[in-house]
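**Student:** Handing over data_19.cif, mmCIF, C-alpha atoms.
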```cif
data_upload
#
loop_
_atom_site.group_PDB
_atom_site.id
_atom_site.type_symbol
_atom_site.label_atom_id
_atom_site.label_comp_id
_atom_site.auth_asym_id
_atom_site.auth_seq_id
_atom_site.Cartn_x
_atom_site.Cartn_y
_atom_site.Cartn_z
ATOM 1 C CA MET A 16 0.000 0.000 0.000
ATOM 2 C CA ALA A 17 1.407 3.388 -1.030
ATOM 3 C CA SER A 18 2.239 5.871 1.702
ATOM 4 C CA LEU A 19 0.961 9.452 1.781
ATOM 5 C CA LYS A 20 4.338 10.718 0.582
ATOM 6 C CA GLU A 21 4.357 8.303 -2.338
ATOM 7 C CA LEU A 22 0.830 9.346 -3.330
ATOM 8 C CA LYS A 23 1.787 13.025 -3.124
ATOM 9 C CA ASP A 24 4.878 12.441 -5.264
ATOM 10 C CA ARG A 25 2.821 10.548 -7.835
ATOM 11 C CA ILE A 26 0.240 13.348 -8.009
ATOM 12 C CA GLY A 27 3.051 15.818 -8.658
ATOM 13 C CA SER A 28 4.514 13.561 -11.348
ATOM 14 C CA VAL A 29 1.173 13.185 -13.155
ATOM 15 C CA LYS A 30 0.603 16.948 -12.993
ATOM 16 C CA SER A 31 3.998 17.511 -14.646
ATOM 17 C CA THR A 32 3.093 15.021 -17.374
ATOM 18 C CA GLN A 33 -0.249 16.773 -17.854
ATOM 19 C CA LYS A 34 1.517 20.100 -18.417
ATOM 20 C CA ILE A 35 3.715 18.494 -21.094
ATOM 21 C CA THR A 36 0.800 16.845 -22.938
ATOM 22 C CA LYS A 37 -1.191 20.088 -22.789
ATOM 23 C CA ALA A 38 1.741 22.021 -24.266
ATOM 24 C CA LYS A 39 2.172 19.416 -27.035
ATOM 25 C CA GLN A 40 -1.549 19.610 -27.802
ATOM 26 C CA MET A 41 -1.376 23.378 -28.213
ATOM 27 C CA VAL A 42 1.716 23.165 -30.433
ATOM 28 C CA ALA A 43 0.065 20.499 -32.621
ATOM 29 C CA ALA A 44 -3.101 22.619 -32.895
ATOM 30 C CA ALA A 45 -1.072 25.613 -34.097
ATOM 31 C CA LYS A 46 0.839 23.495 -36.634
ATOM 32 C CA LEU A 47 -2.340 21.747 -37.782
ATOM 33 C CA ARG A 48 -3.872 24.947 -39.140
ATOM 34 C CA ARG A 49 -0.899 25.557 -41.429
ATOM 35 C CA ALA A 50 -0.520 21.900 -42.447
ATOM 36 C CA GLN A 51 -4.240 21.506 -43.178
ATOM 37 C CA SER A 52 -4.282 24.665 -45.302
ATOM 38 C CA ALA A 53 -1.266 23.447 -47.301
ATOM 39 C CA ALA A 54 -2.795 20.000 -47.901
ATOM 40 C CA GLU A 55 -6.154 21.409 -48.964
ATOM 41 C CA ALA A 56 -4.520 24.000 -51.228
ATOM 42 C CA ALA A 57 -2.607 21.282 -53.110
ATOM 43 C CA ARG A 58 -5.666 19.135 -53.878
ATOM 44 C CA PRO A 59 -7.181 21.323 -56.658
ATOM 45 C CA TYR A 60 -3.837 21.348 -58.495
ATOM 46 C CA GLN A 61 -3.621 17.556 -58.270
ATOM 47 C CA GLU A 62 -7.196 17.205 -59.548
ATOM 48 C CA ARG A 63 -6.627 19.581 -62.454
ATOM 49 C CA LEU A 64 -3.382 17.887 -63.390
ATOM 50 C CA ALA A 65 -5.189 14.539 -63.372
ATOM 51 C CA ALA A 66 -7.808 15.996 -65.752
ATOM 52 C CA VAL A 67 -5.093 17.206 -68.131
ATOM 53 C CA MET A 68 -3.449 13.789 -67.908
ATOM 54 C CA ALA A 69 -6.760 12.162 -68.837
ATOM 55 C CA SER A 70 -7.149 14.411 -71.853
ATOM 56 C CA LEU A 71 -3.615 13.704 -73.078
ATOM 57 C CA ALA A 72 -3.682 9.980 -72.305
ATOM 58 C CA SER A 73 -6.855 9.542 -74.346
ATOM 59 C CA LYS A 74 -4.994 10.846 -77.418
ATOM 60 C CA VAL A 75 -1.869 8.726 -76.957
ATOM 61 C CA SER A 76 -1.802 4.940 -77.190
ATOM 62 C CA GLY A 77 0.227 2.040 -78.396
ATOM 63 C CA ASP A 78 3.948 2.319 -79.041
ATOM 64 C CA SER A 79 3.885 6.110 -78.927
ATOM 65 C CA ALA A 80 2.936 6.148 -75.220
ATOM 66 C CA PRO A 81 5.816 6.947 -72.842
ATOM 67 C CA LYS A 82 7.008 4.142 -70.564
ATOM 68 C CA LEU A 83 5.722 5.924 -67.443
ATOM 69 C CA LEU A 84 2.222 5.641 -68.907
ATOM 70 C CA ALA A 85 2.397 2.415 -70.902
ATOM 71 C CA GLY A 86 4.199 0.364 -68.235
ATOM 72 C CA THR A 87 6.613 -2.508 -68.706
ATOM 73 C CA GLY A 88 4.023 -4.997 -69.898
ATOM 74 C CA SER A 89 4.299 -6.966 -66.655
ATOM 75 C CA ASP A 90 2.899 -6.679 -63.134
ATOM 76 C CA LYS A 91 5.161 -9.244 -61.470
ATOM 77 C CA ARG A 92 7.445 -6.961 -59.410
ATOM 78 C CA ASN A 93 5.678 -4.539 -57.088
ATOM 79 C CA LEU A 94 7.189 -1.713 -55.048
ATOM 80 C CA LEU A 95 5.254 -0.401 -52.039
ATOM 81 C CA VAL A 96 6.147 3.223 -51.250
ATOM 82 C CA VAL A 97 5.037 3.620 -47.614
ATOM 83 C CA VAL A 98 4.860 7.170 -46.217
ATOM 84 C CA ASN A 99 5.059 7.263 -42.414
ATOM 85 C CA THR A 100 5.842 10.062 -39.976
ATOM 86 C CA ASP A 101 9.233 10.728 -38.391
ATOM 87 C CA LYS A 102 7.846 11.362 -34.899
ATOM 88 C CA GLY A 103 5.644 9.388 -32.553
ATOM 89 C CA LEU A 104 2.983 10.464 -30.038
ATOM 90 C CA CYS A 105 0.345 10.618 -32.760
ATOM 91 C CA GLY A 106 -2.039 7.858 -31.751
ATOM 92 C CA GLY A 107 -2.638 4.987 -34.149
ATOM 93 C CA LEU A 108 -1.696 6.917 -37.299
ATOM 94 C CA ASN A 109 1.509 5.025 -38.104
ATOM 95 C CA SER A 110 0.139 1.642 -37.073
ATOM 96 C CA ASN A 111 -2.834 2.127 -39.422
ATOM 97 C CA ILE A 112 -0.514 2.995 -42.334
ATOM 98 C CA VAL A 113 1.653 -0.045 -41.605
ATOM 99 C CA LYS A 114 -1.459 -2.210 -41.369
ATOM 100 C CA ALA A 115 -2.607 -1.003 -44.809
ATOM 101 C CA ALA A 116 0.873 -1.650 -46.243
ATOM 102 C CA LYS A 117 0.961 -5.171 -44.815
ATOM 103 C CA ALA A 118 -2.522 -5.890 -46.159
ATOM 104 C CA LYS A 119 -1.465 -4.764 -49.644
ATOM 105 C CA ALA A 120 1.731 -6.820 -49.418
ATOM 106 C CA GLU A 121 -0.186 -9.945 -48.372
ATOM 107 C CA GLU A 122 -2.669 -9.408 -51.197
ATOM 108 C CA LEU A 123 0.126 -9.193 -53.774
ATOM 109 C CA LEU A 124 2.077 -12.129 -52.320
ATOM 110 C CA ALA A 125 -1.070 -14.258 -52.316
ATOM 111 C CA ALA A 126 -1.453 -13.479 -56.020
ATOM 112 C CA GLY A 127 2.096 -14.719 -56.673
ATOM 113 C CA LYS A 128 3.697 -11.285 -57.089
ATOM 114 C CA ASP A 129 7.067 -10.103 -55.839
ATOM 115 C CA VAL A 130 6.951 -7.327 -53.222
ATOM 116 C CA GLU A 131 9.571 -4.850 -52.073
ATOM 117 C CA PHE A 132 9.210 -1.863 -49.739
ATOM 118 C CA TYR A 133 10.471 1.695 -50.198
ATOM 119 C CA LEU A 134 10.035 3.463 -46.848
ATOM 120 C CA VAL A 135 9.606 7.206 -46.346
ATOM 121 C CA GLY A 136 9.770 8.336 -42.721
ATOM 122 C CA LYS A 137 11.251 6.619 -39.672
ATOM 123 C CA LYS A 138 8.269 5.282 -37.733
ATOM 124 C CA GLY A 139 7.214 2.626 -40.217
ATOM 125 C CA ARG A 140 10.576 0.887 -40.501
ATOM 126 C CA ALA A 141 10.639 -1.206 -37.317
ATOM 127 C CA PRO A 142 7.169 -2.842 -37.573
ATOM 128 C CA ILE A 143 7.604 -3.617 -41.278
ATOM 129 C CA LYS A 144 11.147 -4.895 -40.745
ATOM 130 C CA ARG A 145 9.900 -7.389 -38.157
ATOM 131 C CA GLU A 146 7.857 -9.262 -40.774
ATOM 132 C CA TYR A 147 9.487 -8.285 -44.082
ATOM 133 C CA ALA A 148 13.153 -7.765 -43.259
ATOM 134 C CA ASP A 149 14.278 -9.365 -46.537
ATOM 135 C CA ARG A 150 11.843 -7.279 -48.612
ATOM 136 C CA ILE A 151 12.882 -3.796 -47.494
ATOM 137 C CA GLY A 152 14.818 -2.113 -50.259
ATOM 138 C CA GLN A 153 15.672 1.552 -49.956
ATOM 139 C CA HIS A 154 14.330 4.266 -47.692
ATOM 140 C CA PHE A 155 14.224 8.053 -47.759
ATOM 141 C CA ASP A 156 14.965 10.006 -44.577
ATOM 142 C CA THR A 157 12.797 13.104 -44.089
ATOM 143 C CA SER A 158 13.767 13.674 -40.447
ATOM 144 C CA THR A 159 16.596 16.027 -41.393
ATOM 145 C CA VAL A 160 14.193 18.769 -42.529
ATOM 146 C CA LYS A 161 11.679 20.616 -40.380
ATOM 147 C CA THR A 162 8.835 20.371 -42.878
ATOM 148 C CA PRO A 163 9.278 18.106 -45.945
ATOM 149 C CA GLY A 164 8.212 19.857 -49.144
ATOM 150 C CA PHE A 165 8.515 19.745 -52.908
ATOM 151 C CA GLU A 166 12.303 19.406 -52.794
ATOM 152 C CA GLU A 167 11.984 16.107 -50.912
ATOM 153 C CA ALA A 168 9.151 14.961 -53.196
ATOM 154 C CA ASP A 169 11.340 15.774 -56.205
ATOM 155 C CA ALA A 170 14.226 13.710 -54.782
ATOM 156 C CA ILE A 171 11.965 10.729 -54.012
ATOM 157 C CA ALA A 172 10.350 10.887 -57.463
ATOM 158 C CA ALA A 173 13.733 11.070 -59.192
ATOM 159 C CA GLU A 174 14.938 7.975 -57.320
ATOM 160 C CA LEU A 175 11.731 6.017 -58.009
ATOM 161 C CA ILE A 176 11.765 6.898 -61.728
ATOM 162 C CA GLU A 177 15.448 5.961 -61.943
ATOM 163 C CA MET A 178 14.685 2.583 -60.357
ATOM 164 C CA TYR A 179 11.774 2.118 -62.782
ATOM 165 C CA ASP A 180 13.903 2.932 -65.827
ATOM 166 C CA ALA A 181 16.528 0.485 -64.543
ATOM 167 C CA GLY A 182 13.911 -2.289 -64.513
ATOM 168 C CA LYS A 183 13.923 -2.858 -60.750
ATOM 169 C CA TYR A 184 10.118 -3.018 -60.513
ATOM 170 C CA ASP A 185 7.027 -3.034 -62.722
ATOM 171 C CA ILE A 186 4.422 -1.275 -60.553
ATOM 172 C CA ALA A 187 4.789 1.140 -57.638
ATOM 173 C CA HIS A 188 1.979 1.668 -55.138
ATOM 174 C CA LEU A 189 1.852 4.756 -52.901
ATOM 175 C CA ILE A 190 0.548 4.220 -49.350
ATOM 176 C CA TYR A 191 -0.009 7.325 -47.242
ATOM 177 C CA PRO A 192 -2.543 8.893 -44.828
ATOM 178 C CA THR A 193 -5.272 11.174 -46.167
ATOM 179 C CA PHE A 194 -6.294 13.936 -43.776
ATOM 180 C CA LYS A 195 -10.046 14.068 -43.162
ATOM 181 C CA SER A 196 -10.174 15.770 -39.780
ATOM 182 C CA ALA A 197 -8.264 15.890 -36.506
ATOM 183 C CA LEU A 198 -10.042 12.664 -35.556
ATOM 184 C CA VAL A 199 -9.902 10.814 -38.899
ATOM 185 C CA GLN A 200 -6.880 10.086 -41.101
ATOM 186 C CA ASP A 201 -7.551 7.312 -43.588
ATOM 187 C CA PRO A 202 -4.746 5.193 -45.094
ATOM 188 C CA THR A 203 -4.830 5.512 -48.898
ATOM 189 C CA VAL A 204 -3.352 3.103 -51.456
ATOM 190 C CA ASN A 205 -2.886 4.400 -55.020
ATOM 191 C CA GLN A 206 -0.914 3.187 -58.013
ATOM 192 C CA LEU A 207 1.921 5.637 -58.596
ATOM 193 C CA ILE A 208 4.006 4.137 -61.421
ATOM 194 C CA PRO A 209 3.179 3.525 -64.208
ATOM 195 C CA VAL A 210 0.857 6.501 -64.064
ATOM 196 C CA PRO A 211 -2.669 5.059 -64.222
ATOM 197 C CA SER A 212 -4.808 6.360 -67.066
ATOM 198 C CA PRO A 213 -7.707 8.250 -65.463
ATOM 199 C CA ASP A 214 -11.051 6.549 -66.005
ATOM 200 C CA VAL A 215 -12.826 9.763 -66.931
ATOM 201 C CA ALA A 216 -11.348 12.362 -69.233
ATOM 202 C CA ASP A 217 -12.493 15.946 -69.638
ATOM 203 C CA ASP A 218 -16.008 15.742 -71.114
ATOM 204 C CA SER A 219 -16.112 19.348 -72.295
ATOM 205 C CA ASP A 220 -16.819 20.007 -75.979
ATOM 206 C CA ALA A 221 -13.816 22.309 -76.311
ATOM 207 C CA VAL A 222 -11.271 21.333 -78.952
ATOM 208 C CA VAL A 223 -7.770 21.492 -77.468
ATOM 209 C CA GLU A 224 -4.670 21.467 -79.616
ATOM 210 C CA TYR A 225 -1.354 20.670 -77.956
ATOM 211 C CA GLU A 226 2.012 21.919 -79.160
ATOM 212 C CA PRO A 227 4.519 20.541 -79.850
ATOM 213 C CA GLY A 228 2.493 17.326 -79.440
ATOM 214 C CA GLU A 229 0.779 15.005 -76.961
ATOM 215 C CA GLU A 230 3.754 12.618 -76.726
ATOM 216 C CA GLU A 231 6.283 15.379 -76.041
ATOM 217 C CA ILE A 232 4.058 17.023 -73.455
ATOM 218 C CA LEU A 233 3.445 13.706 -71.721
ATOM 219 C CA GLU A 234 7.192 13.077 -71.515
ATOM 220 C CA GLU A 235 7.468 16.247 -69.437
ATOM 221 C CA LEU A 236 4.157 15.983 -67.612
ATOM 222 C CA LEU A 237 4.368 12.384 -66.375
ATOM 223 C CA PRO A 238 7.410 12.920 -64.072
ATOM 224 C CA ARG A 239 5.753 16.109 -62.792
ATOM 225 C CA TYR A 240 2.601 14.111 -62.069
ATOM 226 C CA VAL A 241 4.608 11.609 -60.000
ATOM 227 C CA LYS A 242 6.275 14.455 -58.091
ATOM 228 C CA THR A 243 2.915 16.090 -57.454
ATOM 229 C CA GLN A 244 1.447 12.879 -56.064
ATOM 230 C CA LEU A 245 4.413 12.439 -53.720
ATOM 231 C CA PHE A 246 4.288 16.093 -52.693
ATOM 232 C CA GLY A 247 0.578 15.738 -51.925
ATOM 233 C CA ALA A 248 1.290 12.599 -49.885
ATOM 234 C CA LEU A 249 3.895 14.465 -47.809
ATOM 235 C CA LEU A 250 1.467 17.333 -47.198
ATOM 236 C CA GLU A 251 -1.295 14.903 -46.229
ATOM 237 C CA ARG A 252 1.146 13.138 -43.905
ATOM 238 C CA GLU A 253 2.056 16.413 -42.189
ATOM 239 C CA ALA A 254 -1.584 17.396 -41.657
ATOM 240 C CA SER A 255 -2.488 13.884 -40.497
ATOM 241 C CA GLU A 256 0.442 13.807 -38.070
ATOM 242 C CA GLN A 257 -0.517 17.112 -36.441
ATOM 243 C CA GLY A 258 -4.204 16.182 -36.287
ATOM 244 C CA ALA A 259 -3.498 12.779 -34.759
ATOM 245 C CA SER A 260 -0.956 14.278 -32.356
ATOM 246 C CA MET A 261 -3.404 16.950 -31.192
ATOM 247 C CA THR A 262 -6.095 14.334 -30.576
ATOM 248 C CA ALA A 263 -3.698 11.957 -28.798
ATOM 249 C CA MET A 264 -2.311 14.702 -26.554
ATOM 250 C CA ASP A 265 -5.836 15.920 -25.752
ATOM 251 C CA ASN A 266 -6.803 12.398 -24.703
ATOM 252 C CA ALA A 267 -3.619 12.100 -22.647
ATOM 253 C CA THR A 268 -4.324 15.422 -20.907
ATOM 254 C CA ARG A 269 -7.861 14.332 -20.066
ATOM 255 C CA ASN A 270 -6.653 10.952 -18.792
ATOM 256 C CA ALA A 271 -4.043 12.679 -16.628
ATOM 257 C CA GLY A 272 -6.766 14.880 -15.173
ATOM 258 C CA ASP A 273 -8.892 11.833 -14.324
ATOM 259 C CA LEU A 274 -5.911 10.104 -12.752
ATOM 260 C CA ILE A 275 -5.058 13.191 -10.663
ATOM 261 C CA LYS A 276 -8.655 13.318 -9.444
ATOM 262 C CA ASP A 277 -8.581 9.639 -8.409
ATOM 263 C CA LEU A 278 -5.199 10.027 -6.708
ATOM 264 C CA ASN A 279 -6.398 13.093 -4.787
ATOM 265 C CA ILE A 280 -9.428 11.161 -3.557
ATOM 266 C CA GLU A 281 -7.188 8.296 -2.465
ATOM 267 C CA TYR A 282 -4.732 10.719 -0.836
ATOM 268 C CA ASN A 283 -7.504 12.489 1.121
ATOM 269 C CA ARG A 284 -9.019 9.166 2.184
ATOM 270 C CA ARG A 285 -5.656 7.901 3.478
ATOM 271 C CA ARG A 286 -4.939 11.226 5.181
ATOM 272 C CA GLN A 287 -8.342 11.230 6.883
ATOM 273 C CA ALA A 288 -7.843 7.640 8.006
ATOM 274 C CA ALA A 289 -4.431 8.539 9.458
ATOM 275 C CA ILE A 290 -5.880 11.543 11.323
ATOM 276 C CA THR A 291 -8.758 9.440 12.660
ATOM 277 C CA THR A 292 -6.320 6.775 13.868
ATOM 278 C CA GLU A 293 -4.208 9.376 15.670
ATOM 279 C CA LEU A 294 -7.270 10.888 17.370
ATOM 280 C CA ILE A 295 -8.421 7.460 18.573
ATOM 281 C CA GLU A 296 -4.958 6.794 20.001
ATOM 282 C CA ILE A 297 -4.913 10.161 21.792
ATOM 283 C CA ILE A 298 -8.380 9.616 23.265
ATOM 284 C CA ALA A 299 -7.504 6.082 24.332
ATOM 285 C CA GLY A 300 -4.339 7.326 25.987
ATOM 286 C CA ALA A 301 -6.189 10.077 27.836
ATOM 287 C CA GLU A 302 -8.790 7.607 29.142
ATOM 288 C CA ALA A 303 -6.042 5.285 30.305
ATOM 289 C CA LEU A 304 -4.602 8.058 32.449
#
```
Any chance you could put this one into structure tokens?
**Tutor:**
Amino acid sequence: MASLKELKDRIGSVKSTQKITKAKQMVAAAKLRRAQSAAEAARPYQERLAAVMASLASKVSGDSAPKLLAGTGSDKRNLLVVVNTDKGLCGGLNSNIVKAAKAKAEELLAAGKDVEFYLVGKKGRAPIKREYADRIGQHFDTSTVKTPGFEEADAIAAELIEMYDAGKYDIAHLIYPTFKSALVQDPTVNQLIPVPSPDVADDSDAVVEYEPGEEEILEELLPRYVKTQLFGALLEREASEQGASMTAMDNATRNAGDLIKDLNIEYNRRRQAAITTELIEIIAGAEAL
């Protein structure tokens, strides 16, 4: 049974922890506003670029299609590009991304495909390495920059395209969190390379002429499309991380408050029992005299 001093020390310790979690919650809330605005601002550009891609892809087919659009003709070797955070204390965000990556890997392996992982961010490495140590290829470290941006997306895209041109894989899948709200961040799995032909092209009646030509424009636009998708994934990751962190720290602060309340009740009960015991002893001693 804990003594009064031990209970008092524990109450002080929990109060200190509560101050830390409250501070982290406020920092995450401030960062969330900026990260959410950046993620939402990038979505219209991605959607418009996809529409342009659909229009161009519908005019290019066969041998004239670039390799990034046409593919290698095989779907045997699959690369899973998993985007995790670099920091913890963000609830189940990273575990949900890893779970989605493992589910995709199991689906591909069950279909007789080869699977390799390309990891972005630090927090997803350990859980994936435990089960797929021999399938982890390269990784990209984003922990050296405060806020990963287009420069990091450009570097990742360049490395992935170089690996694709070298014949190291046939299909790359991008797995990342999509920010919905501070409470919801859904893992998303999209095909990244070869660039999937959008199902619906621009249905407008406008006649668009491209110069110098659809093939030449696609050669330039396809790598930019890959970079844009990766950039969007990094922005979604940042917003998801701050939202999940704010929610986790809020829950931790509330739990600390409940624990402090319970410990105070226990402390007062023990203190009252000790006082009562001392009074009984004093009265008994006085009667004995």
**Student:** I'd like a table as a tab-separated table: residues in range 86-176 of chain A with an atom no more than 12 Å from range 51-66 of chain A, each row giving the shortest atom pair and its distance in Å to one decimal, only C-alpha atoms counted, sorted by chain and rising residue number.
**Tutor:**
```
residue	atom	partner	partner_atom	distance
A:Thr162	CA	A:Ala53	CA	11.4
A:Pro163	CA	A:Ala53	CA	11.9
A:Gly164	CA	A:Ala53	CA	10.3
A:Phe165	CA	A:Ala57	CA	11.2
```
**Student:** Using CA of Asp156 in chain A and CA of Asn109 in chain A as the two end points, give the distance in Å to one decimal.
**Tutor:** 15.7 Å
**Student:** With distances taken over all atoms listed in the file, which of A:Leu278, A:Lys114, A:Gly103, A:Leu94 is nearest to Gln153 in chain A?
**Tutor:** A:Leu94
**Student:** Give me, please, the distance in Å between CA of Glu234 in chain A and CA of Arg92 in chain A, quoted to one decimal.
**Tutor:**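 So the answer is 23.4 Å.
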**Student:** Closest to His188 in chain A among A:Lys37, A:Lys102, A:Lys23, A:Lys119, using all atoms listed in the file?
**Tutor:**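 Ranking A:Lys37, A:Lys102, A:Lys23, A:Lys119 by distance to His188 in chain A, first place goes to A:Lys119.
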**Student:** Quick one: residues within 6 Å of Phe132 in chain A, all atoms listed in the file counted, chain neighbours fewer than 4 positions away excluded, as a ChimeraX atom specification?
**Tutor:** /A:94-95,151-152
**Student:** Determine the nearest neighbour of Ser255 in chain A from the options A:Arg49, A:His154, A:Arg239, A:Lys161, counting all atoms listed in the file.
**Tutor:**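 Distance minimum relative to Ser255 in chain A lands on A:Arg49.
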**Student:** Selecting C-alpha atoms, how would range 272-302 of chain A from this structure be written as an mmCIF file, in the first residue's frame?
**Tutor:**
```cif
data_model
loop_
_atom_site.group_PDB
_atom_site.id
_atom_site.type_symbol
_atom_site.label_atom_id
_atom_site.label_comp_id
_atom_site.auth_asym_id
_atom_site.auth_seq_id
_atom_site.Cartn_x
_atom_site.Cartn_y
_atom_site.Cartn_z
ATOM 1 C CA GLY A 272 -6.766 14.880 -15.173
ATOM 2 C CA ASP A 273 -8.892 11.833 -14.324
ATOM 3 C CA LEU A 274 -5.911 10.104 -12.752
ATOM 4 C CA ILE A 275 -5.058 13.191 -10.663
ATOM 5 C CA LYS A 276 -8.655 13.318 -9.444
ATOM 6 C CA ASP A 277 -8.581 9.639 -8.409
ATOM 7 C CA LEU A 278 -5.199 10.027 -6.708
ATOM 8 C CA ASN A 279 -6.398 13.093 -4.787
ATOM 9 C CA ILE A 280 -9.428 11.161 -3.557
ATOM 10 C CA GLU A 281 -7.188 8.296 -2.465
ATOM 11 C CA TYR A 282 -4.732 10.719 -0.836
ATOM 12 C CA ASN A 283 -7.504 12.489 1.121
ATOM 13 C CA ARG A 284 -9.019 9.166 2.184
ATOM 14 C CA ARG A 285 -5.656 7.901 3.478
ATOM 15 C CA ARG A 286 -4.939 11.226 5.181
ATOM 16 C CA GLN A 287 -8.342 11.230 6.883
ATOM 17 C CA ALA A 288 -7.843 7.640 8.006
ATOM 18 C CA ALA A 289 -4.431 8.539 9.458
ATOM 19 C CA ILE A 290 -5.880 11.543 11.323
ATOM 20 C CA THR A 291 -8.758 9.440 12.660
ATOM 21 C CA THR A 292 -6.320 6.775 13.868
ATOM 22 C CA GLU A 293 -4.208 9.376 15.670
ATOM 23 C CA LEU A 294 -7.270 10.888 17.370
ATOM 24 C CA ILE A 295 -8.421 7.460 18.573
ATOM 25 C CA GLU A 296 -4.958 6.794 20.001
ATOM 26 C CA ILE A 297 -4.913 10.161 21.792
ATOM 27 C CA ILE A 298 -8.380 9.616 23.265
ATOM 28 C CA ALA A 299 -7.504 6.082 24.332
ATOM 29 C CA GLY A 300 -4.339 7.326 25.987
ATOM 30 C CA ALA A 301 -6.189 10.077 27.836
ATOM 31 C CA GLU A 302 -8.790 7.607 29.142
#
```
